[in-house]
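Undergrad: A single structure is presented below for examination.
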Amino acid sequence: MLPIPRILVSLTKASSNMAKAPQNIHSKEVIEKIKASRAVRETVDQLGKSVIQGDTNALARAITLIESSHEGDSKQAEELLRMVLPFSGKSVRVGISGVPGAGKSTFIEAFGMHLIRQGKKVAVLAVDPSSEAGKGSILGDKTRMNSLASSELAFIRPSPSSGALGGVARKTREAIFLCEAAGFEYILVETVGVGQSETAVHSMVDFFLLIAIAGAGDELQGIKRGIMEMADLVVVNKSDGDNLPRAKAARQDIQRALHFFPELPSGWIPEAVLASSLESSGMEEIQDVISRFTQHVQTNGYFAEHRKEQSRWWLKETIQHLLNELFFNQEEVKDKLVLTEQQVISQQVSVTEAARQLIQLFRTK
Ligand SMILES: Nc1nc2c(ncn2[C@@H]2O[C@H](COP(=O)(O)OP(=O)(O)OP(=O)(O)O)[C@@H](O)[C@H]2O)c(=O)[nH]1
Ligand SMILES: [Mg+2]
């Protein structure tokens, strides 16, 4: 046998190295930038059309565009949203909350797969203002969503990167519209289960689902934080194995507690059910509750009214946000603010008077 020429050996080595290289060569940030610039080069019109045709790669690029904080992208994002809005709205939007470790991700995997087995398209989004870029709660959790992540009928997107809750939530809400335009029928929006993010998620979903567990010390998780009052359904997760009797008792406690809460504006009486995300039990019952709920609120008109109310709320929220940005970025205001702060600190002028003066200055410029 002829010896292999040296040059070929080194080429083979080089090419085997090259074959591996693309996986490691770019950092996540670089990849995101490439994706974003691709989204810009592609016309908004093309991008919008691809989204409406259900192209999930285009959907991912579209969400990257609306999440972009680059100047110039916002006009394109607005154009894109204007294009897709008429195609949005036709999904059931489900908010999912629960204390850390309650099993939200495992539940989303089980419930999402349950829906997918019926041929439904399922999108998973998240609101997690604490997550850093590229480290969204869902992304880290993709291991818990193995089947879902590899299903053609699913689309999983981590939370927009860290920032003020309002901004993160606004982008997630816009991502909902994009997913709907792409034909997703169920949108599951996960939130971290701490702080104000539940209220933000509640302001963008039709149905709010709280995941509780027995034996967490506090059987009525969420009561203190006012989250249980928002719930249309409490799922007592981990109802399996030795835990089943405790879960049953917790479900009864929760069901009883739910009766003491003020009636929901939808007129819906919240329910509590048992489930095991690990064993995928209880999923049919949960889907049935959601179906009965949608039927109930569609019949009494609350479904449409609630979505209108949410749009009004977001309009006000966004005006406040934009005004805030305009105000604090105006050069005259920025200049005057330093002096005004000192005047307020040394009590030469009241906070209200100072604020009014600054606003007056803002309005005249
Ligand atoms: N026995 C049992 N364990 C479960 C079930 N659902 C989730 N778990 C386990 O509970 C742990 C936490 O589950 P996750 O799905 O990561 O919970 P999470 O609420 O998403 O947690 P965070 O994202 O950290 O807030 C994991 O070890 C799961 O395997 C269940 O139905 N039964
Ligand atoms: Mg999780």
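Starting from 1 in every chain, residues are counted up; chains themselves are A, B, ... following the order of the structure tokens, and ligands are numbered from 1 as listed.
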Enumerate as a ChimeraX atom specification all residues of range 253-327 of chain A assigned to strand (DSSP E) by DSSP on the backbone, naming them with the chain letters and numbers the document uses.

TA: /A:271-274

Undergrad: Do a neighbour search on range 174-189 of chain A at 6 Å with only C-alpha atoms, toss out local chain neighbours closer than 5 positions, and write the hits as a PyMOL selection string.

TA: chain A and resi 51-52+54+63+84+87-88+91-96+121-126

Undergrad: May I have the residues from that selection written out with N, CA and C atoms, as a PDB file, in the first residue's frame?

TA:
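Output contents, as saved in selection_29.pdb:
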```
ATOM      1  N   VAL A  51     -43.461  34.703   7.771  1.00  0.00           N
ATOM      2  CA  VAL A  51     -44.070  34.424   9.080  1.00  0.00           C
ATOM      3  C   VAL A  51     -45.506  33.944   8.878  1.00  0.00           C
ATOM      4  N   ILE A  52     -46.240  34.669   8.056  1.00  0.00           N
ATOM      5  CA  ILE A  52     -47.652  34.343   7.829  1.00  0.00           C
ATOM      6  C   ILE A  52     -47.800  32.961   7.171  1.00  0.00           C
ATOM      7  N   GLY A  54     -46.084  30.558   8.005  1.00  0.00           N
ATOM      8  CA  GLY A  54     -45.798  29.567   9.051  1.00  0.00           C
ATOM      9  C   GLY A  54     -44.354  29.106   9.108  1.00  0.00           C
ATOM     10  N   ILE A  63     -38.945  37.737  15.632  1.00  0.00           N
ATOM     11  CA  ILE A  63     -38.924  38.054  17.072  1.00  0.00           C
ATOM     12  C   ILE A  63     -37.606  38.746  17.420  1.00  0.00           C
ATOM     13  N   VAL A  84     -48.534  41.847  10.330  1.00  0.00           N
ATOM     14  CA  VAL A  84     -49.013  40.560  10.855  1.00  0.00           C
ATOM     15  C   VAL A  84     -50.264  40.681  11.732  1.00  0.00           C
ATOM     16  N   PHE A  87     -53.505  39.038  11.036  1.00  0.00           N
ATOM     17  CA  PHE A  87     -53.474  37.572  11.025  1.00  0.00           C
ATOM     18  C   PHE A  87     -53.336  37.003  12.436  1.00  0.00           C
ATOM     19  N   SER A  88     -53.312  37.888  13.423  1.00  0.00           N
ATOM     20  CA  SER A  88     -53.097  37.409  14.793  1.00  0.00           C
ATOM     21  C   SER A  88     -54.437  37.286  15.526  1.00  0.00           C
ATOM     22  N   SER A  91     -55.576  32.459  18.765  1.00  0.00           N
ATOM     23  CA  SER A  91     -55.017  31.370  19.585  1.00  0.00           C
ATOM     24  C   SER A  91     -55.603  31.437  20.980  1.00  0.00           C
ATOM     25  N   VAL A  92     -55.335  30.416  21.747  1.00  0.00           N
ATOM     26  CA  VAL A  92     -55.642  30.499  23.172  1.00  0.00           C
ATOM     27  C   VAL A  92     -54.329  30.817  23.854  1.00  0.00           C
ATOM     28  N   ARG A  93     -54.315  31.923  24.565  1.00  0.00           N
ATOM     29  CA  ARG A  93     -53.090  32.368  25.237  1.00  0.00           C
ATOM     30  C   ARG A  93     -53.165  31.958  26.709  1.00  0.00           C
ATOM     31  N   VAL A  94     -52.216  31.127  27.109  1.00  0.00           N
ATOM     32  CA  VAL A  94     -52.248  30.578  28.467  1.00  0.00           C
ATOM     33  C   VAL A  94     -51.022  31.040  29.250  1.00  0.00           C
ATOM     34  N   GLY A  95     -51.228  31.702  30.365  1.00  0.00           N
ATOM     35  CA  GLY A  95     -50.119  32.113  31.230  1.00  0.00           C
ATOM     36  C   GLY A  95     -49.850  31.003  32.237  1.00  0.00           C
ATOM     37  N   ILE A  96     -48.593  30.714  32.492  1.00  0.00           N
ATOM     38  CA  ILE A  96     -48.235  29.640  33.426  1.00  0.00           C
ATOM     39  C   ILE A  96     -47.260  30.151  34.474  1.00  0.00           C
ATOM     40  N   LYS A 121     -50.620  23.261  16.998  1.00  0.00           N
ATOM     41  CA  LYS A 121     -49.319  23.955  16.992  1.00  0.00           C
ATOM     42  C   LYS A 121     -49.162  24.741  18.291  1.00  0.00           C
ATOM     43  N   VAL A 122     -48.034  24.544  18.958  1.00  0.00           N
ATOM     44  CA  VAL A 122     -47.837  25.116  20.299  1.00  0.00           C
ATOM     45  C   VAL A 122     -46.591  26.007  20.352  1.00  0.00           C
ATOM     46  N   ALA A 123     -46.778  27.240  20.773  1.00  0.00           N
ATOM     47  CA  ALA A 123     -45.626  28.130  20.959  1.00  0.00           C
ATOM     48  C   ALA A 123     -45.405  28.361  22.452  1.00  0.00           C
ATOM     49  N   VAL A 124     -44.140  28.379  22.847  1.00  0.00           N
ATOM     50  CA  VAL A 124     -43.802  28.602  24.256  1.00  0.00           C
ATOM     51  C   VAL A 124     -42.948  29.865  24.365  1.00  0.00           C
ATOM     52  N   LEU A 125     -43.435  30.814  25.132  1.00  0.00           N
ATOM     53  CA  LEU A 125     -42.701  32.070  25.332  1.00  0.00           C
ATOM     54  C   LEU A 125     -42.503  32.259  26.837  1.00  0.00           C
ATOM     55  N   ALA A 126     -41.707  33.248  27.201  1.00  0.00           N
ATOM     56  CA  ALA A 126     -41.500  33.458  28.633  1.00  0.00           C
ATOM     57  C   ALA A 126     -41.330  34.929  28.966  1.00  0.00           C
TER      58      ALA A 126
END
```

Undergrad: Using only C-alpha atoms and all ligand atoms, which protein or nucleic acid residues are at most 7 Å from ligand 1, as a PyMOL selection string?

TA: chain A and resi 98-107+137+141+144+192+237-240+275-279

Undergrad: Give me, please, the distance in Å between CA of Lys365 in chain A and CA of Glu332 in chain A, quoted to one decimal.

TA: 7.8 Å

Undergrad: Pull the helix (DSSP H, G or I) assignments for range 35-213 of chain A out of DSSP run on the backbone, and list those residues as a PyMOL selection string.

TA: chain A and resi 35-41+44-52+56-67+73-87+104-116+137-140+142-150+165-181+197-202

Undergrad: With distances taken over only C-alpha atoms and all ligand atoms, which residue among A:Lys28, A:Ser159, A:Glu152, A:Gln46 lies nearest ligand 2?

TA: A:Ser159

Undergrad: Set the distance at 9 Å and use only C-alpha atoms: which residues neighbour Thr294 in chain A once local chain neighbours fewer than 6 positions away are removed? I'd like the list as a list in words.

TA: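 Returned residues: Val92, Asp206, Phe207 and Phe303 of chain A.
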
Undergrad: Excluding Arg117 in chain A and residues on its chain fewer than 3 positions from it, collect all residues at most 12 Å away from it, counting only C-alpha atoms, and give them as a list in words.

TA: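 After dropping sequence-adjacent residues, the list is Ala110, Phe111, Gly112, Met113, His114, Lys120, Lys121, Val122, Ser147, Leu148, Ser151, Glu152, Leu153, Ala154, Met283 and Glu284 of chain A.
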
Undergrad: Would you save the residues from that selection as a tab-separated table (two decimals), in the first residue's frame, using N, CA and C atoms?

TA:
```tsv
chain	number	residue	atom	x	y	z
A	110	ALA	N	-45.04	18.34	29.02
A	110	ALA	CA	-46.10	17.31	29.01
A	110	ALA	C	-47.37	17.84	28.35
A	111	PHE	N	-47.76	19.04	28.73
A	111	PHE	CA	-49.01	19.58	28.19
A	111	PHE	C	-48.85	19.93	26.71
A	112	GLY	N	-47.69	20.50	26.38
A	112	GLY	CA	-47.42	20.84	24.98
A	112	GLY	C	-47.47	19.60	24.11
A	113	MET	N	-46.86	18.51	24.57
A	113	MET	CA	-46.86	17.27	23.79
A	113	MET	C	-48.27	16.69	23.69
A	114	HIS	N	-49.04	16.86	24.76
A	114	HIS	CA	-50.43	16.39	24.74
A	114	HIS	C	-51.20	17.10	23.61
A	120	LYS	N	-52.07	19.99	17.22
A	120	LYS	CA	-52.11	21.44	17.47
A	120	LYS	C	-50.69	22.01	17.41
A	121	LYS	N	-50.62	23.26	17.00
A	121	LYS	CA	-49.32	23.96	16.99
A	121	LYS	C	-49.16	24.74	18.29
A	122	VAL	N	-48.03	24.54	18.96
A	122	VAL	CA	-47.84	25.12	20.30
A	122	VAL	C	-46.59	26.01	20.35
A	147	SER	N	-38.75	16.69	23.97
A	147	SER	CA	-39.65	16.28	22.89
A	147	SER	C	-40.24	17.50	22.22
A	148	LEU	N	-40.62	18.47	23.05
A	148	LEU	CA	-41.24	19.68	22.51
A	148	LEU	C	-40.25	20.41	21.60
A	151	SER	N	-40.03	18.90	18.22
A	151	SER	CA	-41.25	18.73	17.43
A	151	SER	C	-41.43	19.86	16.42
A	152	GLU	N	-41.85	19.49	15.24
A	152	GLU	CA	-42.08	20.47	14.16
A	152	GLU	C	-43.26	21.37	14.49
A	153	LEU	N	-44.14	20.89	15.36
A	153	LEU	CA	-45.34	21.67	15.66
A	153	LEU	C	-45.13	22.63	16.83
A	154	ALA	N	-43.91	22.61	17.38
A	154	ALA	CA	-43.65	23.48	18.53
A	154	ALA	C	-42.66	24.57	18.19
A	283	MET	N	-53.50	15.75	31.91
A	283	MET	CA	-53.39	16.71	30.81
A	283	MET	C	-54.73	16.90	30.07
A	284	GLU	N	-55.45	15.77	29.94
A	284	GLU	CA	-56.73	15.86	29.23
A	284	GLU	C	-57.71	16.73	30.01
```

Undergrad: So, counting only C-alpha atoms and all ligand atoms, which residue among A:Val127, A:Ile286, A:Val344, A:Leu315 is closest to ligand 2?

TA: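 Smallest distance to ligand 2 is found for A:Val127.
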
Undergrad: Please indicate the distance in Å from CA of Lys33 in chain A to CA of Ile156 in chain A, rounded to one decimal place.

TA: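 We find that CA of Lys33 in chain A and CA of Ile156 in chain A lie 19.5 Å from each other.
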
Undergrad: Calculate how many Å separate CA of Pro160 in chain A from CA of Ala60 in chain A, rounding to one decimal.

TA: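 It comes out at 12.1 Å.
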
Undergrad: Nearest residue to Lys308 in chain A out of A:Ser203, A:Ser68, A:Gln357, A:Thr191, using only C-alpha atoms?

TA: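 Closest to Lys308 in chain A of all the choices is A:Ser203.
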
Undergrad: Given the choices A:Glu42, A:Glu109, A:Glu263, A:Glu271, which gets closest to ligand 2 if the distance is worked out from only C-alpha atoms and all ligand atoms?

TA: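 Smallest separation from ligand 2 among the options: A:Glu109.
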